[in-house]
$ cat protein_36.json   # JSON, C-alpha atoms
[["chain", "number", "residue", "atom", "x", "y", "z"],
["A", 1, "MET", "CA", -39.51, -105.43, 33.80],
["A", 2, "ASN", "CA", -36.27, -106.98, 34.98],
["A", 3, "TRP", "CA", -36.11, -109.39, 32.00],
["A", 4, "ILE", "CA", -36.30, -106.41, 29.61],
["A", 5, "LYS", "CA", -33.17, -104.90, 31.21],
["A", 6, "ASN", "CA", -31.40, -108.27, 30.98],
["A", 7, "LYS", "CA", -32.40, -108.62, 27.30],
["A", 8, "LYS", "CA", -31.07, -105.14, 26.53],
["A", 9, "THR", "CA", -27.85, -105.90, 28.41],
["A", 10, "LEU", "CA", -27.46, -109.23, 26.63],
["A", 11, "TYR", "CA", -28.13, -107.60, 23.22],
["A", 12, "THR", "CA", -25.67, -104.77, 23.92],
["A", 13, "THR", "CA", -22.98, -107.19, 25.07],
["A", 14, "PHE", "CA", -23.48, -109.36, 21.98],
["A", 15, "LEU", "CA", -23.32, -106.34, 19.67],
["A", 16, "LEU", "CA", -20.15, -104.98, 21.28],
["A", 17, "SER", "CA", -18.52, -108.43, 21.13],
["A", 18, "ALA", "CA", -19.38, -108.78, 17.44],
["A", 19, "LEU", "CA", -17.97, -105.32, 16.65],
["A", 20, "LEU", "CA", -14.77, -106.14, 18.56],
["A", 21, "ALA", "CA", -14.37, -109.42, 16.66],
["A", 22, "LEU", "CA", -14.90, -107.66, 13.32],
["A", 23, "SER", "CA", -12.35, -104.98, 14.17],
["A", 24, "VAL", "CA", -9.75, -107.69, 14.87],
["A", 25, "PHE", "CA", -10.47, -110.19, 12.06],
["A", 26, "LEU", "CA", -11.71, -108.01, 9.19],
["A", 27, "PRO", "CA", -8.40, -106.26, 8.45],
["A", 28, "ALA", "CA", -6.60, -109.62, 8.39],
["A", 29, "CYS", "CA", -9.11, -111.04, 5.92],
["A", 30, "GLN", "CA", -9.04, -107.99, 3.68],
["A", 31, "GLY", "CA", -5.31, -108.28, 3.16],
["A", 32, "ARG", "CA", -5.67, -111.71, 1.56],
["A", 33, "ASN", "CA", -8.51, -110.76, -0.76],
["A", 34, "GLN", "CA", -7.38, -107.28, -1.75],
["A", 35, "LYS", "CA", -7.70, -106.59, -5.48],
["A", 36, "VAL", "CA", -4.43, -105.83, -7.24],
["A", 37, "VAL", "CA", -4.72, -102.76, -9.43],
["A", 38, "LEU", "CA", -3.08, -103.11, -12.84],
["A", 39, "GLN", "CA", -0.69, -100.21, -13.45],
["A", 40, "GLU", "CA", 1.02, -98.92, -16.57],
["A", 41, "GLY", "CA", 4.36, -100.74, -16.81],
["A", 42, "ASP", "CA", 2.96, -104.03, -15.44],
["A", 43, "PHE", "CA", 2.76, -107.13, -17.59],
["A", 44, "ALA", "CA", -0.81, -107.56, -18.79],
["A", 45, "PRO", "CA", -2.59, -110.63, -17.40],
["A", 46, "LEU", "CA", -2.79, -113.42, -19.97],
["A", 47, "PHE", "CA", -6.20, -114.57, -21.12],
["A", 48, "SER", "CA", -7.86, -116.82, -23.65],
["A", 49, "LEU", "CA", -11.42, -116.04, -24.76],
["A", 50, "LYS", "CA", -13.71, -116.91, -27.64],
["A", 51, "ASP", "CA", -15.20, -114.31, -29.97],
["A", 52, "LEU", "CA", -18.79, -114.14, -31.21],
["A", 53, "ASP", "CA", -17.94, -116.65, -33.98],
["A", 54, "GLY", "CA", -16.34, -119.15, -31.59],
["A", 55, "LYS", "CA", -12.71, -118.35, -32.55],
["A", 56, "ARG", "CA", -10.33, -118.45, -29.60],
["A", 57, "TRP", "CA", -8.08, -115.43, -28.97],
["A", 58, "SER", "CA", -5.13, -115.67, -26.59],
["A", 59, "LEU", "CA", -2.99, -112.76, -25.42],
["A", 60, "LYS", "CA", -0.03, -115.17, -25.23],
["A", 61, "HIS", "CA", -0.35, -115.85, -28.96],
["A", 62, "LEU", "CA", -0.55, -112.12, -29.73],
["A", 63, "LYS", "CA", 2.92, -111.43, -28.33],
["A", 64, "GLY", "CA", 4.81, -109.36, -30.89],
["A", 65, "ARG", "CA", 1.70, -107.31, -31.68],
["A", 66, "VAL", "CA", 0.27, -104.20, -30.04],
["A", 67, "VAL", "CA", -3.11, -105.06, -28.55],
["A", 68, "LEU", "CA", -5.80, -102.48, -27.84],
["A", 69, "LEU", "CA", -8.16, -104.17, -25.38],
["A", 70, "ASN", "CA", -11.47, -102.37, -24.87],
["A", 71, "PHE", "CA", -14.03, -103.45, -22.25],
["A", 72, "TRP", "CA", -17.51, -102.27, -23.22],
["A", 73, "ALA", "CA", -21.22, -103.03, -22.98],
["A", 74, "PRO", "CA", -24.12, -102.24, -25.33],
["A", 75, "TRP", "CA", -26.15, -100.77, -22.43],
["A", 76, "CYS", "CA", -23.38, -98.21, -21.73],
["A", 77, "PRO", "CA", -23.94, -94.81, -23.45],
["A", 78, "PRO", "CA", -20.24, -93.74, -23.34],
["A", 79, "CYS", "CA", -19.27, -97.14, -24.79],
["A", 80, "ARG", "CA", -21.74, -96.75, -27.65],
["A", 81, "ALA", "CA", -20.44, -93.22, -28.28],
["A", 82, "GLU", "CA", -16.78, -94.30, -28.55],
["A", 83, "MET", "CA", -17.33, -97.40, -30.72],
["A", 84, "PRO", "CA", -17.46, -95.54, -34.08],
["A", 85, "SER", "CA", -14.05, -93.96, -33.37],
["A", 86, "LEU", "CA", -12.70, -97.37, -32.40],
["A", 87, "GLN", "CA", -14.00, -98.70, -35.73],
["A", 88, "GLN", "CA", -12.27, -95.81, -37.54],
["A", 89, "LEU", "CA", -8.99, -96.70, -35.83],
["A", 90, "SER", "CA", -9.51, -100.32, -36.83],
["A", 91, "ASN", "CA", -10.10, -99.29, -40.44],
["A", 92, "ARG", "CA", -6.95, -97.15, -40.50],
["A", 93, "MET", "CA", -4.76, -99.83, -38.89],
["A", 94, "LYS", "CA", -6.24, -102.91, -40.63],
["A", 95, "ASN", "CA", -3.19, -103.36, -42.90],
["A", 96, "ASN", "CA", -0.74, -103.18, -40.00],
["A", 97, "PRO", "CA", 0.10, -106.77, -38.96],
["A", 98, "ASP", "CA", 1.63, -105.49, -35.70],
["A", 99, "PHE", "CA", -1.63, -104.10, -34.32],
["A", 100, "VAL", "CA", -4.92, -105.66, -33.25],
["A", 101, "ILE", "CA", -8.08, -104.36, -31.58],
["A", 102, "LEU", "CA", -10.06, -106.68, -29.34],
["A", 103, "THR", "CA", -13.17, -105.66, -27.46],
["A", 104, "ILE", "CA", -14.42, -107.61, -24.46],
["A", 105, "LEU", "CA", -18.12, -107.66, -23.71],
["A", 106, "TYR", "CA", -18.63, -106.67, -20.10],
["A", 107, "ARG", "CA", -21.44, -108.33, -18.14],
["A", 108, "GLN", "CA", -22.87, -110.08, -21.15],
["A", 109, "GLY", "CA", -25.76, -108.84, -23.29],
["A", 110, "VAL", "CA", -24.56, -110.87, -26.29],
["A", 111, "GLN", "CA", -27.71, -110.40, -28.40],
["A", 112, "ASP", "CA", -27.78, -106.68, -27.62],
["A", 113, "ALA", "CA", -24.10, -106.44, -28.62],
["A", 114, "ILE", "CA", -24.71, -108.25, -31.92],
["A", 115, "ARG", "CA", -27.68, -106.00, -32.66],
["A", 116, "PHE", "CA", -25.69, -102.86, -31.78],
["A", 117, "LEU", "CA", -22.75, -103.87, -34.00],
["A", 118, "LYS", "CA", -25.05, -104.67, -36.91],
["A", 119, "ASN", "CA", -27.16, -101.50, -36.57],
["A", 120, "ASN", "CA", -24.02, -99.34, -36.47],
["A", 121, "ASN", "CA", -22.08, -101.15, -39.21],
["A", 122, "LEU", "CA", -19.27, -102.10, -36.81],
["A", 123, "SER", "CA", -16.96, -105.01, -37.53],
["A", 124, "LEU", "CA", -14.89, -105.07, -34.35],
["A", 125, "THR", "CA", -13.81, -108.34, -32.77],
["A", 126, "VAL", "CA", -15.91, -108.98, -29.65],
["A", 127, "LEU", "CA", -14.69, -111.47, -27.04],
["A", 128, "LEU", "CA", -16.96, -113.09, -24.48],
["A", 129, "ASP", "CA", -15.85, -113.00, -20.85],
["A", 130, "GLU", "CA", -18.73, -115.11, -19.53],
["A", 131, "SER", "CA", -17.17, -115.81, -16.12],
["A", 132, "MET", "CA", -15.95, -112.19, -15.80],
["A", 133, "GLY", "CA", -12.53, -113.64, -14.96],
["A", 134, "VAL", "CA", -10.60, -111.45, -17.40],
["A", 135, "SER", "CA", -12.48, -108.35, -16.27],
["A", 136, "LYS", "CA", -11.55, -109.16, -12.67],
["A", 137, "ARG", "CA", -7.86, -109.83, -13.48],
["A", 138, "TYR", "CA", -7.64, -106.49, -15.26],
["A", 139, "GLY", "CA", -9.43, -104.77, -12.35],
["A", 140, "VAL", "CA", -12.19, -103.36, -14.53],
["A", 141, "THR", "CA", -14.42, -101.18, -12.37],
["A", 142, "GLY", "CA", -16.79, -99.97, -15.08],
["A", 143, "VAL", "CA", -17.00, -99.43, -18.79],
["A", 144, "PRO", "CA", -15.59, -98.27, -21.03],
["A", 145, "GLU", "CA", -12.04, -99.12, -20.00],
["A", 146, "THR", "CA", -9.22, -99.56, -22.49],
["A", 147, "TYR", "CA", -5.83, -101.22, -22.05],
["A", 148, "VAL", "CA", -3.03, -100.76, -24.59],
["A", 149, "ILE", "CA", -0.54, -103.61, -24.43],
["A", 150, "ASP", "CA", 2.79, -103.41, -26.23],
["A", 151, "LYS", "CA", 4.55, -106.14, -28.21],
["A", 152, "ARG", "CA", 6.26, -107.48, -25.06],
["A", 153, "GLY", "CA", 2.95, -107.79, -23.19],
["A", 154, "VAL", "CA", 3.47, -104.68, -21.05],
["A", 155, "LEU", "CA", 0.57, -102.37, -20.27],
["A", 156, "ARG", "CA", 1.46, -99.03, -21.84],
["A", 157, "ARG", "CA", -1.83, -97.16, -21.35],
["A", 158, "LYS", "CA", -4.83, -97.65, -19.11],
["A", 159, "ILE", "CA", -7.74, -95.46, -20.13],
["A", 160, "ILE", "CA", -10.74, -95.24, -17.83],
["A", 161, "GLY", "CA", -13.75, -93.73, -19.54],
["A", 162, "PRO", "CA", -14.49, -92.94, -23.17],
["A", 163, "MET", "CA", -11.84, -91.80, -25.64],
["A", 164, "ARG", "CA", -11.64, -90.65, -29.24],
["A", 165, "PHE", "CA", -9.52, -93.25, -31.02],
["A", 166, "ASP", "CA", -9.70, -91.63, -34.45],
["A", 167, "THR", "CA", -7.65, -88.49, -33.76],
["A", 168, "PRO", "CA", -4.29, -87.88, -35.50],
["A", 169, "GLU", "CA", -2.57, -88.06, -32.09],
["A", 170, "ALA", "CA", -4.11, -91.46, -31.31],
["A", 171, "LEU", "CA", -3.19, -92.81, -34.73],
["A", 172, "GLN", "CA", 0.39, -91.57, -34.32],
["A", 173, "PHE", "CA", 0.62, -93.16, -30.84],
["A", 174, "PHE", "CA", -0.54, -96.57, -32.10],
["A", 175, "ASN", "CA", 1.69, -96.45, -35.19],
["A", 176, "THR", "CA", 4.70, -95.56, -33.03],
["A", 177, "LEU", "CA", 3.99, -98.48, -30.69],
["A", 178, "ALA", "CA", 3.54, -100.83, -33.64],
["A", 179, "ARG", "CA", 6.97, -99.79, -35.04],
["A", 180, "GLU", "CA", 8.79, -100.54, -31.77],
["A", 181, "GLN", "CA", 11.12, -103.53, -31.83],
["A", 182, "LEU", "CA", 10.78, -106.37, -29.33]]
$ encode --input "protein_36.json" --output "structure tokens"
Amino acid sequence: MNWIKNKKTLYTTFLLSALLALSVFLPACQGRNQKVVLQEGDFAPLFSLKDLDGKRWSLKHLKGRVVLLNFWAPWCPPCRAEMPSLQQLSNRMKNNPDFVILTILYRQGVQDAIRFLKNNNLSLTVLLDESMGVSKRYGVTGVPETYVIDKRGVLRRKIIGPMRFDTPEALQFFNTLAREQL
């Protein structure tokens, strides 16, 4: 009976010691690994990714153009719902050399993405973020998320959740950005 009391005492002491150690060391560790949240007005993190055809796209080389960067996944219902309006925006802006739409496939599903694009007659550029490094640098927490980057590389809009990109207001916003001088 006495050894049971000692075991309980030993277990309780160990548990309290572990909790005390965590309360001291955990806050210090969290400060080093805290995720930086990208805010409107910040410079957009640079990236270089390949598209479905193997062509490399680099944000650095797109300086001087407005970039609409959309993180999406074929398994995401809101993403699938907003893609036709994104395609409409692409169609309307295709002759504007100062504007480009890039979509980034979130958490893979390459074959599903190809099938979805084909079945819905979508011709958007899809980049592959296989290591999820770009998604992490942009602080993507879910999809869809859209980042509008101006000609200088500054984040002008951060849109969390689905959006209609084919409205007159959206078209006016993107045309205005595309007309801005460096």
$ atom_distance --input "protein_36.json" --atom1 "CA of Ala44 in chain A" --atom2 "CA of Trp57 in chain A"
14.8 Å
$ closest_residue --input "protein_36.json" --among "A:Gly109, A:Ile104, A:Glu145, A:Phe99" --to "Arg65 in chain A" --atoms "all atoms listed in the file"
A:Phe99
$ residues_around --input "protein_36.json" --residues "range 151-153 of chain A" --least-positions-apart "4" --cutoff "7 Å" --atoms "only C-alpha atoms" --output "list in words"
Phe43, Ala44, Lys63, Gly64, Arg65, Val66 and Leu182 of chain A
$ atom_distance --input "protein_36.json" --atom1 "CA of Asp51 in chain A" --atom2 "CA of Val126 in chain A"
5.4 Å
$ residues_around --input "protein_36.json" --residues "range 100-102 of chain A" --least-positions-apart "6" --cutoff "12 Å" --atoms "only C-alpha atoms" --output "PyMOL selection string"
chain A and resi 48-52+56-59+61-72+83+86-94+123-128+146-151+165+174-175+177-178
$ atom_distance --input "protein_36.json" --atom1 "CA of Leu105 in chain A" --atom2 "CA of Pro162 in chain A"
15.2 Å
$ closest_residue --input "protein_36.json" --among "A:Arg80, A:Arg157, A:Arg107, A:Lys55" --to "Leu38 in chain A" --atoms "only C-alpha atoms"
A:Arg157
$ residues_around --input "protein_36.json" --residues "range 133-137 of chain A" --least-positions-apart "3" --cutoff "7 Å" --atoms "all atoms listed in the file" --output "NGL selection string"
:A and (45 or 47 or 129 or 140)
$ closest_residue --input "protein_36.json" --among "A:Arg115, A:Arg179, A:Lys158, A:Arg164" --to "Pro78 in chain A" --atoms "all atoms listed in the file"
A:Arg164
$ closest_residue --input "protein_36.json" --among "A:Gly54, A:Arg156, A:Gly161, A:Ser85" --to "Phe173 in chain A" --atoms "only C-alpha atoms"
A:Arg156
$ axis_aligned_box --input "protein_36.json" --around "range 55-71 of chain A" --padding-each-side "4 Å" --output "AutoDock Vina command-line options"
--center_x -4.6 --center_y -110.4 --center_z -27.4 --size_x 26.8 --size_y 24.1 --size_z 18.3
$ closest_residue --input "protein_36.json" --among "A:Leu46, A:Leu171, A:Pro84, A:Ser131" --to "Tyr106 in chain A" --atoms "only C-alpha atoms"
A:Ser131
$ closest_residue --input "protein_36.json" --among "A:Glu130, A:Pro144, A:Ala170, A:Tyr138" --to "Asp42 in chain A" --atoms "all atoms listed in the file"
A:Tyr138
